[in-house]
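Shown here: coords-v4.cif, mmCIF, C-alpha atoms and all ligand atoms.
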```
data_upload
loop_
_atom_site.label_atom_id
_atom_site.label_comp_id
_atom_site.auth_asym_id
_atom_site.auth_seq_id
_atom_site.Cartn_x
_atom_site.Cartn_y
_atom_site.Cartn_z
CA MET A 7 208.23 113.79 104.98
CA LEU A 8 204.82 112.26 105.70
CA THR A 9 205.08 108.70 106.99
CA ASP A 10 203.23 106.30 109.26
CA THR A 11 204.20 105.88 112.90
CA LYS A 12 205.64 102.38 112.67
CA ILE A 13 209.36 103.11 112.31
CA MET A 14 209.38 106.13 114.60
CA LEU A 15 207.65 104.18 117.39
CA GLN A 16 209.95 101.18 116.93
CA ASN A 17 213.01 103.42 117.10
CA ALA A 18 211.64 105.13 120.17
CA ARG A 19 210.92 101.86 121.94
CA GLU A 20 214.29 100.35 121.12
CA HIS A 21 216.25 103.38 122.28
CA GLY A 22 214.27 104.44 125.32
CA TRP A 23 212.69 107.68 124.15
CA ALA A 24 209.12 108.51 123.10
CA VAL A 25 207.53 110.22 120.13
CA ALA A 26 205.56 113.26 121.25
CA ALA A 27 202.10 113.40 119.66
CA PHE A 28 200.24 116.68 119.61
CA ASN A 29 196.55 117.41 119.15
CA VAL A 30 196.13 120.22 116.62
CA GLU A 31 192.92 122.15 116.12
CA ASN A 32 193.65 124.79 113.51
CA ALA A 33 196.20 125.81 110.89
CA GLU A 34 198.29 127.77 113.40
CA MET A 35 198.69 124.75 115.69
CA VAL A 36 199.74 122.63 112.70
CA GLN A 37 202.37 125.23 111.81
CA ALA A 38 203.54 125.52 115.41
CA VAL A 39 203.99 121.78 115.95
CA LEU A 40 205.79 121.30 112.62
CA ALA A 41 208.08 124.25 113.34
CA ALA A 42 208.89 122.74 116.75
CA ALA A 43 209.66 119.36 115.14
CA GLU A 44 211.93 120.93 112.56
CA LYS A 45 213.79 123.04 115.15
CA SER A 46 214.15 120.05 117.46
CA CYS A 47 215.06 117.54 114.73
CA ALA A 48 212.34 115.31 116.20
CA PRO A 49 209.98 112.87 114.52
CA VAL A 50 206.45 114.00 115.33
CA ILE A 51 202.81 112.91 115.26
CA LEU A 52 200.03 115.42 114.64
CA GLN A 53 196.60 114.19 115.61
CA THR A 54 192.99 115.27 115.59
CA THR A 55 190.02 114.07 117.65
CA PRO A 56 186.52 113.46 116.26
CA SER A 57 185.29 116.76 117.71
CA THR A 58 188.15 118.65 116.01
CA LEU A 59 187.16 116.92 112.76
CA LYS A 60 183.62 118.19 113.18
CA TYR A 61 185.11 121.68 113.38
CA MET A 62 187.39 121.13 110.34
CA PRO A 63 187.14 117.87 108.35
CA PRO A 64 190.04 115.43 107.81
CA HIS A 65 190.93 116.49 104.27
CA TYR A 66 191.84 120.01 105.47
CA PHE A 67 194.25 118.67 108.07
CA ALA A 68 195.64 115.98 105.76
CA SER A 69 196.31 118.50 102.96
CA MET A 70 197.96 121.04 105.24
CA VAL A 71 200.15 118.47 106.95
CA ARG A 72 201.08 116.59 103.76
CA SER A 73 202.22 119.69 101.89
CA ALA A 74 204.07 121.12 104.89
CA ALA A 75 205.70 117.80 105.79
CA GLU A 76 207.24 117.52 102.29
CA LYS A 77 209.33 120.59 103.03
CA ILE A 78 210.83 119.55 106.34
CA PRO A 79 213.49 116.91 106.97
CA VAL A 80 211.84 115.10 109.91
CA PRO A 81 209.34 112.21 109.78
CA VAL A 82 205.77 113.45 110.31
CA ALA A 83 202.69 111.29 110.84
CA MET A 84 199.04 112.32 110.68
CA HIS A 85 196.89 110.40 113.14
CA LEU A 86 193.22 110.11 114.08
CA ASP A 87 193.03 110.30 117.89
CA HIS A 88 190.18 108.45 119.68
CA GLY A 89 188.39 107.43 116.48
CA ASN A 90 184.86 106.54 117.49
CA SER A 91 183.50 104.88 114.35
CA LEU A 92 184.76 102.77 111.47
CA GLU A 93 183.28 105.38 109.12
CA LEU A 94 185.52 108.09 110.56
CA VAL A 95 188.52 105.74 110.38
CA GLN A 96 187.77 105.22 106.71
CA GLU A 97 187.23 108.91 106.04
CA CYS A 98 190.59 109.83 107.60
CA LEU A 99 192.45 107.12 105.69
CA ALA A 100 190.82 108.26 102.44
CA ALA A 101 191.93 111.82 103.23
CA GLY A 102 195.53 110.65 103.62
CA TYR A 103 195.99 110.06 107.35
CA THR A 104 198.85 107.64 107.89
CA SER A 105 197.66 106.35 111.25
CA VAL A 106 194.35 105.91 113.04
CA MET A 107 193.22 105.06 116.53
CA PHE A 108 190.05 103.17 117.21
CA ASP A 109 188.95 103.70 120.80
CA GLY A 110 186.67 100.89 121.90
CA SER A 111 187.83 101.08 125.52
CA ALA A 112 184.35 101.92 126.83
CA LEU A 113 182.92 98.77 125.19
CA PRO A 114 182.94 95.27 126.70
CA PHE A 115 186.29 93.50 126.07
CA SER A 116 184.97 91.24 123.28
CA GLN A 117 183.26 94.15 121.47
CA ASN A 118 186.41 96.25 121.76
CA ILE A 119 188.38 93.41 120.15
CA LEU A 120 185.83 92.92 117.38
CA LEU A 121 185.65 96.58 116.29
CA THR A 122 189.33 97.39 116.81
CA ALA A 123 190.28 94.35 114.69
CA GLN A 124 188.10 95.73 111.89
CA ALA A 125 189.66 99.18 112.21
CA ALA A 126 193.16 97.66 112.13
CA ALA A 127 192.32 95.61 109.03
CA ILE A 128 190.96 98.71 107.26
CA ALA A 129 194.07 100.71 108.22
CA HIS A 130 196.49 97.99 107.10
CA GLN A 131 194.69 97.66 103.79
CA ALA A 132 195.24 101.38 103.25
CA GLY A 133 198.94 101.04 104.08
CA ALA A 134 198.44 102.80 107.41
CA VAL A 135 198.72 101.72 111.04
CA CYS A 136 196.26 101.43 113.92
CA GLU A 137 196.34 102.21 117.66
CA GLY A 138 193.90 100.52 120.04
CA GLU A 139 192.98 101.28 123.64
CA LEU A 140 192.43 98.97 126.55
CA GLY A 141 191.51 99.99 130.09
CA CYS A 142 189.88 103.20 131.29
CA ILE A 143 191.80 106.44 130.93
CA GLY A 144 189.98 108.90 133.19
CA GLY A 145 188.86 112.48 132.64
CA LYS A 146 187.24 114.09 129.66
CA GLU A 147 188.66 114.37 126.15
CA ASP A 148 186.42 116.60 124.08
CA SER A 149 183.00 114.96 124.09
CA LEU A 150 184.50 111.72 125.28
CA GLU A 151 183.80 111.10 128.98
CA GLY A 152 186.19 108.67 130.67
CA LYS A 153 185.67 106.65 133.81
CA ASP A 154 187.96 106.40 136.80
CA GLY A 155 190.07 103.38 137.64
CA ALA A 156 190.37 100.18 135.60
CA TYR A 157 194.11 100.05 134.91
CA THR A 158 195.00 97.92 131.88
CA ASP A 159 195.57 94.25 132.70
CA PRO A 160 198.72 92.78 131.05
CA GLU A 161 197.09 89.43 130.26
CA GLU A 162 194.18 91.17 128.57
CA ALA A 163 196.62 93.39 126.70
CA GLN A 164 198.37 90.34 125.25
CA VAL A 165 195.09 88.80 124.05
CA PHE A 166 193.89 92.16 122.74
CA VAL A 167 196.98 92.80 120.60
CA GLN A 168 197.06 89.25 119.24
CA LYS A 169 193.40 89.28 118.27
CA THR A 170 193.18 92.81 116.88
CA ARG A 171 196.63 93.06 115.19
CA VAL A 172 196.96 96.68 116.36
CA ASP A 173 200.34 98.32 115.82
CA SER A 174 200.35 100.21 119.12
CA LEU A 175 198.32 100.19 122.32
CA ALA A 176 197.04 102.98 124.57
CA VAL A 177 197.04 101.71 128.14
CA ALA A 178 195.56 103.00 131.39
CA ILE A 179 198.04 103.46 134.23
CA GLY A 180 196.12 106.11 136.19
CA THR A 181 196.41 109.16 133.92
CA ALA A 182 193.38 111.21 132.88
CA HIS A 183 192.51 113.50 129.99
CA GLY A 184 192.03 117.23 130.57
CA ILE A 185 193.12 119.16 133.65
CA TYR A 186 194.07 117.25 136.82
CA GLN A 187 191.91 118.31 139.79
CA LYS A 188 194.12 116.35 142.17
CA GLU A 189 197.44 114.52 141.96
CA PRO A 190 196.84 111.33 139.89
CA VAL A 191 197.77 107.95 141.36
CA LEU A 192 199.98 106.43 138.68
CA ASP A 193 201.13 102.85 138.45
CA LEU A 194 204.37 103.30 136.52
CA GLY A 195 205.57 99.88 137.64
CA ARG A 196 202.89 98.33 135.46
CA ILE A 197 204.43 99.69 132.24
CA PRO A 198 207.19 97.06 131.76
CA PHE A 199 204.69 94.24 132.34
CA LEU A 200 202.31 95.76 129.81
CA GLN A 201 205.16 96.18 127.35
CA GLN A 202 206.27 92.59 127.83
CA ALA A 203 202.71 91.33 127.33
CA ALA A 204 201.63 93.59 124.46
CA GLN A 205 204.81 93.39 122.36
CA VAL A 206 203.80 96.56 120.50
CA PRO A 207 204.70 100.18 121.34
CA LEU A 208 202.66 101.58 124.25
CA VAL A 209 200.91 104.95 124.22
CA LEU A 210 200.43 107.29 127.16
CA HIS A 211 197.29 109.44 127.05
CA GLY A 212 196.49 112.22 129.50
CA ALA A 213 200.08 113.47 129.81
CA SER A 214 199.23 117.18 130.05
CA GLY A 215 199.84 118.31 133.62
CA LEU A 216 202.20 115.48 134.57
CA SER A 217 205.55 116.67 135.89
CA ASP A 218 208.63 116.35 133.69
CA SER A 219 210.14 113.78 136.03
CA VAL A 220 207.02 111.60 135.97
CA LEU A 221 206.94 111.82 132.18
CA ARG A 222 210.61 110.89 131.91
CA SER A 223 210.05 107.98 134.20
CA ALA A 224 207.05 106.72 132.18
CA VAL A 225 209.14 106.93 129.01
CA ALA A 226 212.12 105.19 130.61
CA ARG A 227 209.83 102.34 131.65
CA GLY A 228 208.58 101.82 128.11
CA MET A 229 206.03 104.37 126.87
CA ALA A 230 206.86 104.95 123.18
CA LYS A 231 204.28 107.64 122.34
CA VAL A 232 203.04 110.40 124.61
CA ASN A 233 199.94 112.45 123.75
CA PHE A 234 199.64 116.15 124.56
CA ALA A 235 196.40 118.05 124.01
CA THR A 236 195.28 120.20 126.94
CA GLU A 237 198.60 122.02 127.42
CA LEU A 238 198.68 123.07 123.77
CA ARG A 239 195.17 124.47 123.99
CA GLN A 240 196.14 126.39 127.10
CA ALA A 241 199.29 127.72 125.44
CA PHE A 242 197.44 128.83 122.30
CA THR A 243 194.71 130.57 124.25
CA ALA A 244 197.20 132.26 126.59
CA GLY A 245 199.03 133.75 123.59
CA VAL A 246 195.83 135.05 122.03
CA LYS A 247 194.59 136.50 125.34
CA GLU A 248 197.88 138.29 125.94
CA VAL A 249 197.58 140.22 122.70
CA LEU A 250 193.88 140.98 123.01
CA THR A 251 194.26 142.12 126.62
CA ALA A 252 197.25 144.37 125.93
CA GLN A 253 195.84 145.70 122.65
CA PRO A 254 192.03 145.45 122.65
CA GLU A 255 191.90 147.54 119.46
CA VAL A 256 193.56 144.76 117.40
CA PHE A 257 191.22 143.24 114.82
CA ASP A 258 193.66 141.54 112.44
CA PRO A 259 193.39 137.81 113.31
CA LYS A 260 196.99 137.25 112.18
CA LYS A 261 198.24 139.41 115.08
CA TYR A 262 196.73 137.39 117.91
CA LEU A 263 196.84 133.98 116.17
CA ALA A 264 200.58 134.39 115.64
CA ALA A 265 200.99 134.92 119.39
CA GLY A 266 199.08 131.70 120.08
CA ARG A 267 201.16 129.88 117.49
CA LYS A 268 204.42 131.02 119.11
CA LYS A 269 203.38 129.73 122.53
CA VAL A 270 202.29 126.35 121.10
CA CYS A 271 205.66 126.02 119.36
CA LEU A 272 207.55 126.63 122.62
CA THR A 273 205.37 124.16 124.52
CA ALA A 274 205.80 121.48 121.85
CA GLU A 275 209.59 121.95 121.81
CA LYS A 276 209.69 121.51 125.58
CA LYS A 277 207.60 118.31 125.46
CA MET A 278 209.82 116.87 122.72
CA ARG A 279 212.84 117.44 124.96
CA VAL A 280 211.16 115.80 127.96
CA CYS A 281 210.23 112.77 125.82
CA GLY A 282 213.82 112.51 124.60
CA ALA A 283 212.63 112.96 121.00
CA SER A 284 214.77 116.01 120.22
CA GLY A 285 217.64 115.16 117.88
CA GLN A 286 216.24 111.69 117.09
CA ARG A 287 215.54 112.34 113.43
ZN ZN B 301 193.52 110.30 124.71
#
```

Would you kindly transcribe this structure into C-alpha cells?
Amino acid sequence: MLTDTKIMLQNAREHGWAVAAFNVENAEMVQAVLAAAEKSCAPVILQTTPSTLKYMPPHYFASMVRSAAEKIPVPVAMHLDHGNSLELVQECLAAGYTSVMFDGSALPFSQNILLTAQAAAIAHQAGAVCEGELGCIGGKEDSLEGKDGAYTDPEEAQVFVQKTRVDSLAVAIGTAHGIYQKEPVLDLGRIPFLQQAAQVPLVLHGASGLSDSVLRSAVARGMAKVNFATELRQAFTAGVKEVLTAQPEVFDPKKYLAAGRKKVCLTAEKKMRVCGASGQR
C-alpha cells in the first residue's frame, strides 16, 4: 500500500531499526526494490533525485509505484530526494508523491529555514510529509556538489525543526554521497544529541560504501532512515555488464535489464537486513 513515511519512521525510531530508502532510476529498479520489500516484509521508501526526474518525470514514477504498491502487503512511500525547488516539490506532490525533501543545506541557515518551511507547508497541505537537511553532507549526488566538513549542530537542529515544521531531518555526521575515496571520519556519538535536539526522525545520507557494522551502529544510535543510491547503481550496471560481456550478441533489452534488476533486488534485501527493517511490516 502507498503511504507517507510518518508511521514507518516513527515505528523505526521507537524500536531501534531504520527504514531503508532506495534511489530508483528506471522501471526495473522500481520492480527490484518493491520485490525486495515484499520478500523481506519490510516497509520501504522509493525515492528519486531531481536529475532522475529530468530523465523520467515524477508522474511516471508515481504511477508505477502507486499501482505496484497496491498489490503488495508492505507500506511503500514515494519520496522526492534532494528537492531543489518549490516548483519541483509541488510537481511531485501533484503527481502523487507521499513525501518530499527540500534540500536547502547549501544556503545560509536563515534562508534554509525560510524555504524549507515553505516546502513543509506545501507538503502538509497536500497530506504529505517533508524532510529537511541541515549541515554539509560531502561528496557528489548527481549534479549536486557537496562540501566537506560542517557536521550538523544539535542546537541549530532544534531551531531548524521548530521553525520549519519538517517531519524528518537529514543530518551531517561525516558521511558523503557517491563513492568513498578514503575512509570517512564519522561522528556517530553526535547522533543521540541530534535526536534529542531535533525530536523528529533522523536521516542518514551517503550510506553506500559504509560497512555493515558502521551502519548498524548508526541505526542503533538513532538514525531512522538510511538512503542508498550509489550501491544500487553499481549493482544494476554490474548485472547488465555481465550479460553483455558474456553474450555480446544479445539485443533484447529484457535480457540484460532483468540481470540488473536481479542484482538490485539482492542488494536492497541485504540493506534492509542491515537496517533491521526486514520483518517489520
Ligand atoms: Zn542524499

Review point. What is the distance between atom CA of Tyr262 of chain A and atom CA of Glu34 of chain A, in Å to one decimal?
Key: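 Spanning atom CA of Tyr262 of chain A to atom CA of Glu34 of chain A is a straight-line distance of 10.7 Å.
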
Practice item. Would you mind listing what lies within 7 Å of Val246 of chain A as a list in words, with all atoms listed in the file counted and same-chain residues fewer than 4 positions away left out? Key: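 Those residues are Phe242, Leu250, Tyr262, Leu263, Ala265 and Gly266 of chain A.
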
Exercise for review: Around ligand ZN 301 (chain B), at most 9 Å away and counting all atoms listed in the file, which residues are there? Put them as a VMD selection string, please.
Suggested key: chain A and resid 55 87 to 88 109 143 146 to 147 176 182 to 183 210 to 213 233 to 235

Review point. Closest to Cys271 of chain A among A:Asp258, A:Asp193, A:Glu237, A:Asp159, using only C-alpha atoms?
Key: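 Ranked by minimum distance to Cys271 of chain A, first place goes to A:Glu237.
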
Check your understanding: Quick one, how far is atom CA of Pro190 of chain A from atom CA of Val220 of chain A?
Key ->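 Separating atom CA of Pro190 of chain A from atom CA of Val220 of chain A is a distance of 10.9 Å.
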
Review point. So which residues touch Pro49 of chain A within 9 Å, counting only C-alpha atoms, skipping near sequence neighbours fewer than 3 positions away, as a PyMOL selection string?
Key: chain A and resi 14+25-26+43-44+46+80-83+283-287

Residues as selected, C-alpha atoms, written as a CSV table (one decimal), in the coordinates of the input, can you do that?
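Written file, out.csv:
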```
chain,number,residue,atom,x,y,z
A,14,MET,CA,209.4,106.1,114.6
A,25,VAL,CA,207.5,110.2,120.1
A,26,ALA,CA,205.6,113.3,121.2
A,43,ALA,CA,209.7,119.4,115.1
A,44,GLU,CA,211.9,120.9,112.6
A,46,SER,CA,214.2,120.0,117.5
A,80,VAL,CA,211.8,115.1,109.9
A,81,PRO,CA,209.3,112.2,109.8
A,82,VAL,CA,205.8,113.4,110.3
A,83,ALA,CA,202.7,111.3,110.8
A,283,ALA,CA,212.6,113.0,121.0
A,284,SER,CA,214.8,116.0,120.2
A,285,GLY,CA,217.6,115.2,117.9
A,286,GLN,CA,216.2,111.7,117.1
A,287,ARG,CA,215.5,112.3,113.4
```

Review point. Quick one: distance from atom CA of Gln37 of chain A to atom CA of Arg239 of chain A in Å, one decimal?
Key: 14.2 Å

What would segment 185-206 of chain A look like with N, CA and C atoms restored, written as a tab-separated table (two decimals), in the coordinates of the input?
```tsv
chain	number	residue	atom	x	y	z
A	185	ILE	N	192.34	118.52	132.58
A	185	ILE	CA	193.12	119.16	133.65
A	185	ILE	C	192.99	118.32	134.93
A	186	TYR	N	194.11	118.04	135.58
A	186	TYR	CA	194.07	117.25	136.82
A	186	TYR	C	193.53	118.10	137.97
A	187	GLN	N	192.47	117.60	138.62
A	187	GLN	CA	191.91	118.31	139.79
A	187	GLN	C	192.74	117.97	141.03
A	188	LYS	N	193.24	116.74	141.08
A	188	LYS	CA	194.12	116.35	142.17
A	188	LYS	C	195.25	115.47	141.60
A	189	GLU	N	196.28	115.30	142.40
A	189	GLU	CA	197.44	114.52	141.96
A	189	GLU	C	197.00	113.11	141.55
A	190	PRO	N	197.28	112.67	140.30
A	190	PRO	CA	196.84	111.33	139.89
A	190	PRO	C	197.67	110.23	140.57
A	191	VAL	N	197.04	109.09	140.80
A	191	VAL	CA	197.77	107.95	141.36
A	191	VAL	C	198.20	107.07	140.20
A	192	LEU	N	199.48	107.15	139.84
A	192	LEU	CA	199.98	106.43	138.68
A	192	LEU	C	200.61	105.11	139.09
A	193	ASP	N	200.49	104.14	138.22
A	193	ASP	CA	201.13	102.85	138.45
A	193	ASP	C	202.18	102.65	137.36
A	194	LEU	N	203.32	103.37	137.54
A	194	LEU	CA	204.37	103.30	136.52
A	194	LEU	C	205.01	101.93	136.45
A	195	GLY	N	204.98	101.22	137.57
A	195	GLY	CA	205.57	99.88	137.64
A	195	GLY	C	204.87	98.88	136.73
A	196	ARG	N	203.67	99.21	136.34
A	196	ARG	CA	202.89	98.33	135.46
A	196	ARG	C	203.39	98.38	134.01
A	197	ILE	N	204.06	99.48	133.65
A	197	ILE	CA	204.43	99.69	132.24
A	197	ILE	C	205.28	98.54	131.66
A	198	PRO	N	206.38	98.14	132.35
A	198	PRO	CA	207.19	97.06	131.76
A	198	PRO	C	206.41	95.75	131.57
A	199	PHE	N	205.49	95.47	132.48
A	199	PHE	CA	204.69	94.24	132.34
A	199	PHE	C	203.75	94.35	131.14
A	200	LEU	N	203.18	95.54	130.96
A	200	LEU	CA	202.31	95.76	129.81
A	200	LEU	C	203.10	95.65	128.51
A	201	GLN	N	204.31	96.22	128.53
A	201	GLN	CA	205.16	96.18	127.35
A	201	GLN	C	205.50	94.74	126.99
A	202	GLN	N	205.90	93.99	128.01
A	202	GLN	CA	206.27	92.59	127.83
A	202	GLN	C	205.10	91.78	127.25
A	203	ALA	N	203.89	92.08	127.75
A	203	ALA	CA	202.71	91.33	127.33
A	203	ALA	C	202.23	91.76	125.94
A	204	ALA	N	202.23	93.08	125.70
A	204	ALA	CA	201.63	93.59	124.46
A	204	ALA	C	202.54	93.37	123.26
A	205	GLN	N	203.85	93.55	123.46
A	205	GLN	CA	204.81	93.39	122.36
A	205	GLN	C	204.62	94.38	121.22
A	206	VAL	N	203.88	95.45	121.47
A	206	VAL	CA	203.80	96.56	120.50
A	206	VAL	C	204.07	97.84	121.30
```
